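Trainee: Okay, so here is my_file-v3.cif, and as you'll see once you scroll down, it has mmCIF, C-alpha atoms.
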```cif
data_query
loop_
_atom_site.label_atom_id
_atom_site.label_comp_id
_atom_site.auth_asym_id
_atom_site.auth_seq_id
_atom_site.Cartn_x
_atom_site.Cartn_y
_atom_site.Cartn_z
CA MET E 1 5.25 4.28 21.80
CA ILE E 2 7.48 5.57 19.03
CA SER E 3 9.25 8.78 20.02
CA TYR E 4 9.78 11.43 17.36
CA HIS E 5 10.61 15.05 16.63
CA LYS E 6 8.97 16.81 13.70
CA PHE E 7 9.97 19.96 11.84
CA VAL E 8 9.32 21.52 8.42
CA LEU E 9 11.94 22.96 6.06
CA ASP E 10 11.45 26.29 4.31
CA ASN E 11 10.57 24.49 1.06
CA GLY E 12 7.70 22.59 2.73
CA LEU E 13 9.46 19.25 3.20
CA ARG E 14 8.16 17.63 6.39
CA VAL E 15 10.90 15.94 8.40
CA ILE E 16 10.44 13.45 11.24
CA PHE E 17 13.32 12.21 13.38
CA HIS E 18 13.24 9.08 15.57
CA GLN E 19 16.31 8.33 17.63
CA ASP E 20 17.36 4.77 18.47
CA LYS E 21 20.78 4.55 20.14
CA SER E 22 20.58 0.75 20.43
CA THR E 23 21.40 0.15 16.75
CA PRO E 24 24.53 1.00 14.76
CA MET E 25 22.36 1.65 11.73
CA ALA E 26 20.35 4.58 10.41
CA VAL E 27 17.40 4.79 8.04
CA LEU E 28 16.44 7.48 5.56
CA ASN E 29 12.86 6.96 4.39
CA LEU E 30 11.40 9.32 1.80
CA LEU E 31 7.68 9.08 1.09
CA TYR E 32 6.17 10.89 -1.88
CA ASN E 33 2.47 11.59 -1.59
CA VAL E 34 1.63 10.08 -4.97
CA GLY E 35 0.27 6.69 -5.92
CA SER E 36 -1.71 5.15 -8.73
CA ARG E 37 -4.85 6.99 -7.54
CA ASP E 38 -3.25 10.25 -8.70
CA GLU E 39 -2.77 9.15 -12.31
CA ASP E 40 -4.65 10.19 -15.41
CA GLU E 41 -6.98 7.33 -16.36
CA ASN E 42 -5.51 7.41 -19.86
CA LYS E 43 -1.91 7.36 -18.58
CA THR E 44 -1.81 4.80 -15.78
CA GLY E 45 1.16 2.97 -14.31
CA PHE E 46 3.29 6.13 -14.03
CA ALA E 47 3.67 6.04 -10.23
CA HIS E 48 5.10 2.53 -10.50
CA LEU E 49 7.22 3.43 -13.53
CA PHE E 50 8.77 6.23 -11.49
CA GLU E 51 9.74 3.82 -8.76
CA HIS E 52 12.00 2.26 -11.41
CA LEU E 53 13.14 5.49 -13.07
CA MET E 54 14.37 6.90 -9.76
CA PHE E 55 17.13 4.29 -9.75
CA GLY E 56 18.30 5.20 -13.26
CA GLY E 57 20.51 8.12 -12.24
CA SER E 58 19.98 11.74 -11.26
CA GLN E 59 21.38 15.06 -12.47
CA ASN E 60 24.76 14.64 -10.77
CA ILE E 61 24.91 10.94 -9.91
CA PRO E 62 24.80 8.48 -12.84
CA SER E 63 24.70 5.37 -10.60
CA PHE E 64 22.57 5.33 -7.45
CA ASP E 65 23.55 1.94 -6.06
CA GLU E 66 27.32 2.05 -6.46
CA PRO E 67 28.21 4.82 -3.95
CA LEU E 68 25.70 3.39 -1.48
CA GLN E 69 27.22 -0.08 -1.65
CA LYS E 70 30.67 1.39 -1.00
CA VAL E 71 29.51 2.64 2.41
CA GLY E 72 27.65 -0.56 3.36
CA GLY E 73 24.17 0.66 2.52
CA GLU E 74 21.09 -0.95 1.00
CA ASN E 75 18.01 0.57 -0.58
CA ASN E 76 14.68 -0.29 -2.12
CA ALA E 77 11.27 1.18 -2.90
CA PHE E 78 7.62 0.29 -3.41
CA THR E 79 4.50 1.84 -4.91
CA SER E 80 0.91 1.52 -3.78
CA THR E 81 -2.40 3.07 -4.72
CA ASP E 82 -1.64 5.95 -2.32
CA ILE E 83 2.13 6.48 -2.02
CA THR E 84 5.57 5.86 -3.45
CA ASN E 85 8.14 5.07 -0.76
CA TYR E 86 11.95 4.99 -0.99
CA TYR E 87 14.20 3.81 1.82
CA ILE E 88 17.90 3.49 2.56
CA THR E 89 19.57 1.66 5.44
CA VAL E 90 23.21 2.48 6.12
CA PRO E 91 25.71 2.43 9.00
CA ALA E 92 24.87 5.55 11.00
CA GLU E 93 28.28 7.15 10.45
CA ASN E 94 27.62 7.08 6.69
CA ILE E 95 24.15 8.66 6.75
CA GLU E 96 25.29 11.71 4.77
CA THR E 97 25.76 9.50 1.72
CA ALA E 98 22.03 8.73 1.88
CA PHE E 99 21.23 12.46 2.15
CA TRP E 100 23.44 13.20 -0.86
CA LEU E 101 21.90 10.47 -3.03
CA GLU E 102 18.25 11.03 -2.15
CA SER E 103 18.38 14.83 -2.34
CA ASP E 104 19.96 14.70 -5.79
CA ARG E 105 17.11 12.51 -7.04
CA MET E 106 14.59 14.99 -5.69
CA LEU E 107 16.52 17.85 -7.29
CA GLY E 108 16.15 16.25 -10.70
CA LEU E 109 16.48 13.01 -12.62
CA SER E 110 18.90 12.59 -15.50
CA PHE E 111 15.93 12.18 -17.89
CA ASP E 112 18.16 10.02 -20.07
CA PRO E 113 16.10 8.53 -22.95
CA LYS E 114 18.11 5.30 -22.64
CA VAL E 115 17.09 4.97 -18.98
CA LEU E 116 13.43 5.48 -19.89
CA GLU E 117 13.61 2.74 -22.52
CA ILE E 118 15.37 0.33 -20.18
CA GLN E 119 12.91 0.86 -17.32
CA ARG E 120 9.95 0.82 -19.69
CA LYS E 121 11.00 -2.68 -20.78
CA VAL E 122 11.51 -3.75 -17.17
CA VAL E 123 8.02 -2.61 -16.18
CA ILE E 124 6.41 -4.20 -19.25
CA GLU E 125 8.17 -7.48 -18.45
CA GLU E 126 7.02 -7.23 -14.82
CA PHE E 127 3.45 -6.64 -16.05
CA LYS E 128 3.64 -9.81 -18.13
CA GLN E 129 5.37 -11.99 -15.54
CA ARG E 130 3.50 -10.95 -12.39
CA TYR E 131 0.08 -10.10 -13.77
CA LEU E 132 -0.45 -11.99 -17.02
CA ASN E 133 1.67 -15.15 -16.79
CA GLN E 134 1.36 -15.98 -13.09
CA PRO E 135 -1.53 -18.05 -11.68
CA TYR E 136 -4.25 -15.70 -10.43
CA GLY E 137 -1.93 -12.78 -11.27
CA ASP E 138 -4.59 -10.88 -13.19
CA VAL E 139 -7.18 -11.05 -10.39
CA TRP E 140 -6.81 -7.39 -9.41
CA LEU E 141 -6.93 -6.32 -13.04
CA LYS E 142 -10.43 -7.85 -12.95
CA LEU E 143 -11.56 -7.07 -9.41
CA ARG E 144 -10.74 -3.38 -9.21
CA PRO E 145 -12.87 -2.26 -12.19
CA LEU E 146 -15.64 -4.55 -10.92
CA ALA E 147 -15.68 -3.03 -7.44
CA TYR E 148 -14.95 0.61 -8.34
CA THR E 149 -16.81 2.60 -10.97
CA GLN E 150 -15.56 6.16 -10.32
CA HIS E 151 -12.64 6.28 -7.90
CA PRO E 152 -9.16 5.74 -9.43
CA TYR E 153 -8.69 2.67 -7.27
CA LYS E 154 -10.43 1.02 -10.23
CA TRP E 155 -7.06 0.27 -11.83
CA ALA E 156 -4.13 -1.66 -10.40
CA THR E 157 -0.85 -0.03 -9.37
CA ILE E 158 0.93 -1.63 -12.32
CA GLY E 159 -1.47 0.24 -14.62
CA LYS E 160 -4.75 -0.22 -16.42
CA ASN E 161 -3.26 -1.22 -19.76
CA ILE E 162 0.27 -2.14 -20.69
CA GLU E 163 -0.04 0.25 -23.65
CA HIS E 164 0.03 3.22 -21.27
CA ILE E 165 3.65 2.43 -20.36
CA GLU E 166 4.57 1.45 -23.90
CA GLU E 167 3.40 4.85 -25.14
CA ALA E 168 4.85 6.98 -22.30
CA THR E 169 6.89 9.92 -23.65
CA MET E 170 9.71 11.87 -22.05
CA ASP E 171 7.37 14.86 -21.78
CA ASP E 172 4.90 12.68 -19.85
CA VAL E 173 7.71 11.60 -17.51
CA LYS E 174 8.95 15.14 -16.87
CA SER E 175 5.43 16.41 -16.25
CA PHE E 176 4.78 13.68 -13.68
CA PHE E 177 8.09 14.29 -11.92
CA TYR E 178 7.74 18.05 -11.54
CA LYS E 179 4.14 17.73 -10.37
CA TYR E 180 4.65 15.17 -7.62
CA TYR E 181 8.37 14.75 -6.83
CA ILE E 182 8.69 18.05 -5.01
CA PRO E 183 9.72 18.79 -1.40
CA ASN E 184 6.30 20.04 -0.35
CA ASN E 185 4.71 16.77 -1.53
CA ALA E 186 7.07 14.55 0.45
CA ILE E 187 7.77 13.31 3.98
CA LEU E 188 11.35 12.58 5.07
CA VAL E 189 11.97 10.31 8.05
CA LEU E 190 15.37 9.79 9.67
CA ALA E 191 15.65 7.04 12.24
CA GLY E 192 18.39 5.25 14.12
CA ASN E 193 21.64 6.13 15.88
CA LEU E 194 21.63 9.82 14.98
CA GLU E 195 21.40 13.16 16.79
CA LEU E 196 18.73 15.81 16.26
CA LYS E 197 21.22 18.59 15.49
CA GLN E 198 23.03 16.31 13.05
CA VAL E 199 19.76 15.52 11.26
CA THR E 200 18.65 19.17 11.23
CA ASP E 201 21.97 20.36 9.80
CA LEU E 202 22.02 17.66 7.10
CA CYS E 203 18.42 18.39 6.11
CA LYS E 204 19.20 22.09 5.73
CA LYS E 205 22.37 21.33 3.79
CA TRP E 206 21.02 18.75 1.33
CA PHE E 207 17.25 19.24 1.05
CA GLU E 208 16.36 22.82 1.96
CA PRO E 209 18.03 24.35 -1.16
CA ILE E 210 15.66 22.34 -3.41
CA PRO E 211 12.93 24.72 -4.63
CA MET E 212 9.36 24.28 -3.51
CA GLY E 213 7.03 23.09 -6.26
CA THR E 214 3.46 24.05 -7.09
CA PRO E 215 1.33 22.56 -4.27
CA TYR E 216 -0.64 19.49 -5.33
CA HIS E 217 -4.25 19.56 -4.16
CA ARG E 218 -5.87 16.16 -4.52
CA ASN E 219 -9.46 16.24 -5.78
CA LEU E 220 -10.46 12.70 -6.68
CA PRO E 221 -13.95 11.48 -7.64
CA LYS E 222 -15.69 9.75 -4.76
CA GLU E 223 -16.96 6.24 -5.22
CA PRO E 224 -20.77 6.20 -4.99
CA LYS E 225 -22.40 3.80 -2.56
CA GLN E 226 -22.90 0.39 -4.14
CA ILE E 227 -26.57 -0.52 -3.98
CA ALA E 228 -26.69 -3.82 -5.90
CA PRO E 229 -24.44 -6.89 -6.10
CA ARG E 230 -22.05 -7.17 -9.04
CA THR E 231 -20.56 -10.28 -10.58
CA GLY E 232 -17.70 -10.99 -12.94
CA HIS E 233 -16.38 -14.14 -14.60
CA SER E 234 -12.88 -15.08 -15.66
CA ASN E 235 -10.86 -18.17 -16.40
CA ASN E 236 -7.22 -19.06 -16.84
CA LYS E 237 -4.70 -21.87 -16.52
CA VAL E 238 -4.83 -22.16 -12.75
CA PRO E 239 -4.76 -25.27 -10.53
CA LEU E 240 -8.03 -24.57 -8.68
CA LYS E 241 -11.17 -22.53 -9.07
CA ALA E 242 -11.10 -19.32 -7.05
CA LEU E 243 -13.93 -17.27 -5.62
CA TYR E 244 -13.40 -13.63 -4.64
CA LYS E 245 -15.93 -11.54 -2.76
CA VAL E 246 -15.05 -7.89 -2.04
CA TYR E 247 -17.03 -5.45 0.10
CA HIS E 248 -16.59 -1.69 0.27
CA ALA E 249 -15.12 -0.80 3.66
CA PRO E 250 -13.64 2.20 5.51
CA GLY E 251 -10.17 3.37 4.52
CA LYS E 252 -7.30 4.06 6.91
CA SER E 253 -8.26 7.73 7.17
CA ASP E 254 -11.60 6.68 8.71
CA ASP E 255 -11.97 6.14 12.46
CA LEU E 256 -13.97 2.96 11.71
CA PHE E 257 -11.05 1.33 9.91
CA PHE E 258 -10.10 -0.64 13.00
CA GLU E 259 -13.56 -2.25 13.25
CA SER E 260 -13.26 -3.20 9.59
CA ASP E 261 -9.75 -4.58 10.02
CA LEU E 262 -10.77 -6.71 13.00
CA LEU E 263 -13.79 -7.93 11.04
CA SER E 264 -11.54 -9.27 8.29
CA ASP E 265 -9.46 -11.01 10.97
CA VAL E 266 -12.51 -12.67 12.54
CA LEU E 267 -13.60 -13.80 9.09
CA GLY E 268 -10.37 -15.10 7.69
CA ARG E 269 -7.12 -14.60 9.60
CA GLY E 270 -5.56 -17.94 10.39
CA GLN E 271 -6.88 -21.41 11.01
CA SER E 272 -9.13 -20.43 13.90
CA SER E 273 -11.08 -17.93 11.78
CA VAL E 274 -14.76 -18.38 10.99
CA LEU E 275 -14.30 -19.03 7.26
CA TYR E 276 -11.38 -21.45 7.67
CA GLN E 277 -13.14 -23.48 10.33
CA SER E 278 -16.30 -23.75 8.24
CA LEU E 279 -15.12 -24.11 4.65
CA VAL E 280 -11.71 -25.76 5.02
CA LYS E 281 -11.84 -27.79 8.21
CA ASP E 282 -15.50 -28.76 8.60
CA GLN E 283 -17.08 -28.81 5.14
CA LYS E 284 -13.83 -29.33 3.18
CA LEU E 285 -15.09 -27.13 0.36
CA CYS E 286 -11.94 -25.03 0.09
CA ASN E 287 -8.26 -25.75 -0.14
CA SER E 288 -7.59 -22.33 1.41
CA ILE E 289 -9.52 -19.24 2.37
CA GLN E 290 -8.52 -15.89 3.81
CA ALA E 291 -9.95 -12.44 4.41
CA TYR E 292 -8.12 -9.13 4.61
CA ASN E 293 -8.45 -5.39 4.08
CA THR E 294 -6.76 -3.54 1.25
CA SER E 295 -5.91 -0.88 3.88
CA SER E 296 -5.97 2.03 1.45
CA ILE E 297 -6.27 5.64 2.61
CA ASP E 298 -9.55 6.29 0.80
CA PRO E 299 -12.43 3.81 1.26
CA GLY E 300 -11.07 0.37 0.47
CA LEU E 301 -12.19 -3.21 0.25
CA LEU E 302 -12.67 -6.13 2.60
CA VAL E 303 -11.59 -9.14 0.54
CA ILE E 304 -12.53 -12.81 0.83
CA ASP E 305 -10.22 -15.00 -1.26
CA ALA E 306 -11.15 -18.69 -1.53
CA LYS E 307 -9.45 -21.48 -3.52
CA LEU E 308 -11.96 -24.28 -4.04
CA ASN E 309 -11.22 -27.98 -3.75
CA GLU E 310 -11.62 -30.07 -6.90
CA ASN E 311 -15.19 -30.89 -7.90
CA VAL E 312 -16.62 -28.19 -5.62
CA SER E 313 -18.99 -25.84 -7.41
CA PHE E 314 -18.94 -22.06 -7.09
CA GLU E 315 -22.52 -22.24 -5.87
CA ALA E 316 -21.72 -24.61 -2.99
CA ALA E 317 -18.75 -22.55 -1.86
CA GLU E 318 -20.62 -19.27 -2.08
CA VAL E 319 -23.60 -20.58 -0.11
CA ALA E 320 -21.23 -21.72 2.64
CA ILE E 321 -19.45 -18.35 2.69
CA GLN E 322 -22.76 -16.53 2.91
CA GLU E 323 -23.87 -18.75 5.79
CA ALA E 324 -20.68 -17.94 7.68
CA ILE E 325 -21.19 -14.24 6.97
CA LYS E 326 -24.81 -14.45 8.09
CA SER E 327 -23.69 -15.75 11.47
CA ILE E 328 -21.47 -12.69 11.97
CA VAL E 329 -24.17 -10.30 10.77
CA ASN E 330 -26.50 -11.97 13.28
CA LYS E 331 -24.07 -11.03 16.07
CA SER E 332 -22.56 -14.44 16.72
CA THR E 333 -19.10 -13.00 17.44
CA THR E 334 -18.24 -13.21 21.14
CA GLU E 335 -16.16 -10.88 23.30
CA GLN E 336 -13.59 -13.68 23.48
CA GLN E 337 -13.32 -13.93 19.68
CA LEU E 338 -12.99 -10.16 19.36
CA GLN E 339 -10.29 -10.03 22.03
CA LYS E 340 -8.41 -12.83 20.29
CA VAL E 341 -8.10 -10.92 17.02
CA LYS E 342 -7.23 -7.77 18.96
CA ASN E 343 -4.36 -9.68 20.57
CA GLN E 344 -3.22 -10.83 17.13
CA ALA E 345 -3.29 -7.24 15.93
CA PHE E 346 -1.35 -6.07 19.01
CA SER E 347 1.28 -8.74 18.35
CA THR E 348 1.63 -7.62 14.74
CA LEU E 349 2.18 -4.03 15.88
CA VAL E 350 4.75 -5.02 18.51
CA PHE E 351 6.78 -7.21 16.18
CA GLY E 352 6.52 -4.61 13.43
CA GLU E 353 8.04 -1.96 15.68
CA MET E 354 11.08 -4.06 16.55
CA GLU E 355 12.98 -2.99 13.43
CA VAL E 356 14.01 0.63 13.05
CA LEU E 357 13.10 0.60 9.32
CA ASN E 358 9.53 -0.42 10.12
CA ARG E 359 9.27 2.35 12.71
CA ALA E 360 10.50 4.88 10.16
CA MET E 361 7.90 3.74 7.65
CA ALA E 362 5.13 3.78 10.26
CA LEU E 363 5.96 7.41 11.09
CA ALA E 364 5.89 8.38 7.41
CA PHE E 365 2.61 6.55 6.76
CA ALA E 366 0.90 8.16 9.77
CA GLU E 367 1.99 11.65 8.74
CA ASN E 368 0.77 11.02 5.21
CA ILE E 369 -2.66 9.85 6.37
CA ARG E 370 -3.28 12.81 8.66
CA ASP E 371 -0.63 13.47 11.29
CA VAL E 372 2.40 11.63 12.67
CA SER E 373 0.73 11.39 16.10
CA LEU E 374 -1.54 8.68 14.69
CA VAL E 375 1.38 6.24 14.89
CA ASN E 376 0.97 6.04 18.67
CA GLU E 377 -2.82 5.85 18.68
CA GLU E 378 -3.27 2.42 17.04
CA TYR E 379 -3.16 0.43 20.29
CA GLU E 380 -5.73 2.69 21.92
CA LYS E 381 -8.02 2.63 18.88
CA LEU E 382 -7.81 -1.15 18.57
CA GLU E 383 -8.55 -1.61 22.26
CA GLY E 384 -11.43 0.87 21.94
CA VAL E 385 -13.32 -1.28 19.42
CA SER E 386 -16.38 -2.55 21.28
CA LEU E 387 -18.43 -5.60 20.38
CA GLU E 388 -21.33 -3.24 19.71
CA SER E 389 -19.40 -1.08 17.21
CA PHE E 390 -17.94 -4.25 15.66
CA ASN E 391 -21.42 -5.73 15.12
CA THR E 392 -22.83 -2.45 13.77
CA LEU E 393 -20.09 -2.12 11.14
CA SER E 394 -20.29 -5.83 10.27
CA GLN E 395 -23.97 -5.48 9.48
CA GLU E 396 -23.26 -2.42 7.35
CA ILE E 397 -20.35 -3.90 5.35
CA LEU E 398 -21.39 -7.52 4.88
CA GLN E 399 -24.44 -6.84 2.75
CA GLU E 400 -24.70 -8.60 -0.60
CA SER E 401 -25.71 -5.27 -2.15
CA ASN E 402 -22.28 -3.99 -1.08
CA CYS E 403 -20.45 -6.94 -2.63
CA SER E 404 -18.73 -7.63 -5.95
CA THR E 405 -18.03 -11.28 -6.72
CA LEU E 406 -15.51 -12.69 -9.18
CA TYR E 407 -15.82 -16.32 -10.26
CA TYR E 408 -12.37 -17.36 -11.44
CA ASP E 409 -12.55 -20.71 -13.25
CA THR E 410 -9.95 -23.11 -14.58
CA GLU E 411 -9.60 -23.59 -18.32
#
```
Could you write out this file's structure as structure tokens?

Mentor:
Amino acid sequence: MISYHKFVLDNGLRVIFHQDKSTPMAVLNLLYNVGSRDEDENKTGFAHLFEHLMFGGSQNIPSFDEPLQKVGGENNAFTSTDITNYYITVPAENIETAFWLESDRMLGLSFDPKVLEIQRKVVIEEFKQRYLNQPYGDVWLKLRPLAYTQHPYKWATIGKNIEHIEEATMDDVKSFFYKYYIPNNAILVLAGNLELKQVTDLCKKWFEPIPMGTPYHRNLPKEPKQIAPRTGHSNNKVPLKALYKVYHAPGKSDDLFFESDLLSDVLGRGQSSVLYQSLVKDQKLCNSIQAYNTSSIDPGLLVIDAKLNENVSFEAAEVAIQEAIKSIVNKSTTEQQLQKVKNQAFSTLVFGEMEVLNRAMALAFAENIRDVSLVNEEYEKLEGVSLESFNTLSQEILQESNCSTLYYDTE
């Protein structure tokens, strides 16, 4: 159980405090409720661009890292389809430095044209290096538009086209900032060796004076039910053929997410999984194979990712995958197998909660999905997955009509 205290500032900023007296450190985690799903389809990649721009200086602080380093702190950030998350770890006695820095960024960026040009180049280079010039790097640029036809999950977090970042204007940047980077669209978590009164006073001092923005009401197009299989073909300079099969599955805001997550574990988590045992160990068709959930808030994807051994055809590998899937659909999973993946999931949760930073993030993520109380319900919900509910959801998800397949060939 993760203990916490929650309160809301006058400007709508939700604050969650988790005390841990066993560490000399403190964490300030600031989650903005904006990800790539919130972008204009003709101006994608902005959520990720902002992750970079936020380190380019604010209205009163030209260098973000320098004052933090002087007090022994570290910071980083990441963007996903659903959120943008910034975090600072610092010795607890220096936590006010983190408040000062992060509140000034929320108050306003410097909007320096030089910073925009520098970060634009950084993002463009990242697009090229991670997505275009890395083996299998462009897979999600291909898979997302294959699996999604309406929902904005159909483009990757980096953006749909590199031209969208190349053509971004300062007006575009300012518009994005003042729409999403506002107190009432954010969740602030403080965790570590701190006191509640200390946290409350610092929040009122540094964050409460920031004006509330126009509330953002998300109204995204829903993805229609897929009723026929889809296929895509691609090739690149990669060492092995790859086969990707993705199935629409419940998102983290759905009570059935845990059945879906355990299903991916039974299929392809570790060497004892159904797919590994069949395609890697027994039939030796694949060099590697795994299954996982994208774990997005809105309905996501259950992914099967297989790298084929040399001289193995796509057809042979796909037939073997479908046979393994058929066994699960036909209720071959035992109580023992289900309990095994539950135990793996429990272990992941326990180890994840050992670090105060991970606890801070978990609190922020839970609040952003629905309510912070969800953070302490995962064990119960995992344990509550019955073999019957597991089999029912497996039969619903693992239909070929619900599947998009990408055949990724070598050149």

Trainee: Taking only C-alpha atoms into account, which of E:Val27, E:Leu398, E:Leu116, E:Ala249 comes nearest Glu323 in chain E?

Mentor: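 For Glu323 in chain E, the nearest of the given residues is E:Leu398.
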
Trainee: Nearest to Ile2 in chain E: which of E:Ser386, E:Asn358, E:Gln277, E:Thr410 is it, counting only C-alpha atoms?

Mentor: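 Among E:Ser386, E:Asn358, E:Gln277, E:Thr410, it is E:Asn358 that comes nearest to Ile2 in chain E.
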
Trainee: Could you expand the PyMOL selection byres ((chain E and resi 126) around 12) into the explicit residues it covers here, written as an mmCIF file with C-alpha atoms, in the frame of the given file?

Mentor:
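Output contents, as saved in selection_5.cif:
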```cif
data_model
loop_
_atom_site.group_PDB
_atom_site.id
_atom_site.type_symbol
_atom_site.label_atom_id
_atom_site.label_comp_id
_atom_site.auth_asym_id
_atom_site.auth_seq_id
_atom_site.Cartn_x
_atom_site.Cartn_y
_atom_site.Cartn_z
ATOM 1 C CA GLY E 45 1.160 2.970 -14.310
ATOM 2 C CA HIS E 48 5.100 2.530 -10.500
ATOM 3 C CA LEU E 49 7.220 3.430 -13.530
ATOM 4 C CA HIS E 52 12.000 2.260 -11.410
ATOM 5 C CA GLN E 119 12.910 0.860 -17.320
ATOM 6 C CA ARG E 120 9.950 0.820 -19.690
ATOM 7 C CA LYS E 121 11.000 -2.680 -20.780
ATOM 8 C CA VAL E 122 11.510 -3.750 -17.170
ATOM 9 C CA VAL E 123 8.020 -2.610 -16.180
ATOM 10 C CA ILE E 124 6.410 -4.200 -19.250
ATOM 11 C CA GLU E 125 8.170 -7.480 -18.450
ATOM 12 C CA PHE E 127 3.450 -6.640 -16.050
ATOM 13 C CA LYS E 128 3.640 -9.810 -18.130
ATOM 14 C CA GLN E 129 5.370 -11.990 -15.540
ATOM 15 C CA ARG E 130 3.500 -10.950 -12.390
ATOM 16 C CA TYR E 131 0.080 -10.100 -13.770
ATOM 17 C CA LEU E 132 -0.450 -11.990 -17.020
ATOM 18 C CA ASN E 133 1.670 -15.150 -16.790
ATOM 19 C CA GLN E 134 1.360 -15.980 -13.090
ATOM 20 C CA GLY E 137 -1.930 -12.780 -11.270
ATOM 21 C CA THR E 157 -0.850 -0.030 -9.370
ATOM 22 C CA ILE E 158 0.930 -1.630 -12.320
ATOM 23 C CA GLY E 159 -1.470 0.240 -14.620
ATOM 24 C CA ILE E 162 0.270 -2.140 -20.690
ATOM 25 C CA ILE E 165 3.650 2.430 -20.360
#
```

Trainee: From the set E:Glu396, E:Asp298, E:Asp255, E:Asp265, which residue has the shortest atom-to-atom contact distance to Val341 in chain E, counting only C-alpha atoms?

Mentor: E:Asp265

Trainee: Can you list, as a VMD selection string, the residues that the PyMOL selection byres ((chain E and resi 3) around 9) selects here?

Mentor: chain E and resid 1 to 2 4 to 5 17 to 19 376

Trainee: Lys342 in chain E: which residues within 12 Å, counting all atoms listed in the file, same-chain residues fewer than 4 positions away excluded, as a PyMOL selection string?

Mentor: chain E and resi 258-259+261-266+269+335-338+346-349+378-387+390

Trainee: Could I get range 370-374 of chain E rebuilt with all heavy atoms, written as a short mmCIF file (atom, residue, chain, number, x, y, z; two decimals), in the coordinates of the input?

Mentor:
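Wrote part.cif, looks like this:
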```cif
data_model
loop_
_atom_site.label_atom_id
_atom_site.label_comp_id
_atom_site.auth_asym_id
_atom_site.auth_seq_id
_atom_site.Cartn_x
_atom_site.Cartn_y
_atom_site.Cartn_z
N ARG E 370 -2.71 11.62 8.02
CA ARG E 370 -3.28 12.81 8.66
C ARG E 370 -2.24 13.57 9.47
O ARG E 370 -1.99 14.73 9.28
CB ARG E 370 -4.46 12.43 9.55
CG ARG E 370 -5.29 13.61 10.02
CD ARG E 370 -6.42 13.13 10.94
NE ARG E 370 -7.20 12.07 10.35
CZ ARG E 370 -7.73 11.06 11.04
NH1 ARG E 370 -7.57 11.00 12.35
NH2 ARG E 370 -8.45 10.11 10.44
N ASP E 371 -1.62 12.85 10.41
CA ASP E 371 -0.63 13.47 11.29
C ASP E 371 0.21 12.36 11.92
O ASP E 371 -0.30 11.28 12.22
CB ASP E 371 -1.31 14.29 12.38
CG ASP E 371 -0.32 15.02 13.26
OD1 ASP E 371 0.16 16.10 12.84
OD2 ASP E 371 0.01 14.49 14.34
N VAL E 372 1.48 12.65 12.15
CA VAL E 372 2.40 11.63 12.67
C VAL E 372 1.95 11.08 14.02
O VAL E 372 2.26 9.93 14.38
CB VAL E 372 3.84 12.20 12.76
CG1 VAL E 372 3.92 13.34 13.76
CG2 VAL E 372 4.84 11.12 13.08
N SER E 373 1.19 11.85 14.78
CA SER E 373 0.73 11.39 16.10
C SER E 373 -0.13 10.13 16.02
O SER E 373 -0.24 9.38 17.00
CB SER E 373 -0.05 12.49 16.81
OG SER E 373 -1.22 12.85 16.07
N LEU E 374 -0.70 9.88 14.87
CA LEU E 374 -1.54 8.68 14.69
C LEU E 374 -0.75 7.40 14.94
O LEU E 374 -1.34 6.37 15.28
CB LEU E 374 -2.11 8.64 13.27
CG LEU E 374 -3.14 9.71 12.88
CD1 LEU E 374 -3.50 9.59 11.41
CD2 LEU E 374 -4.38 9.60 13.75
#
```
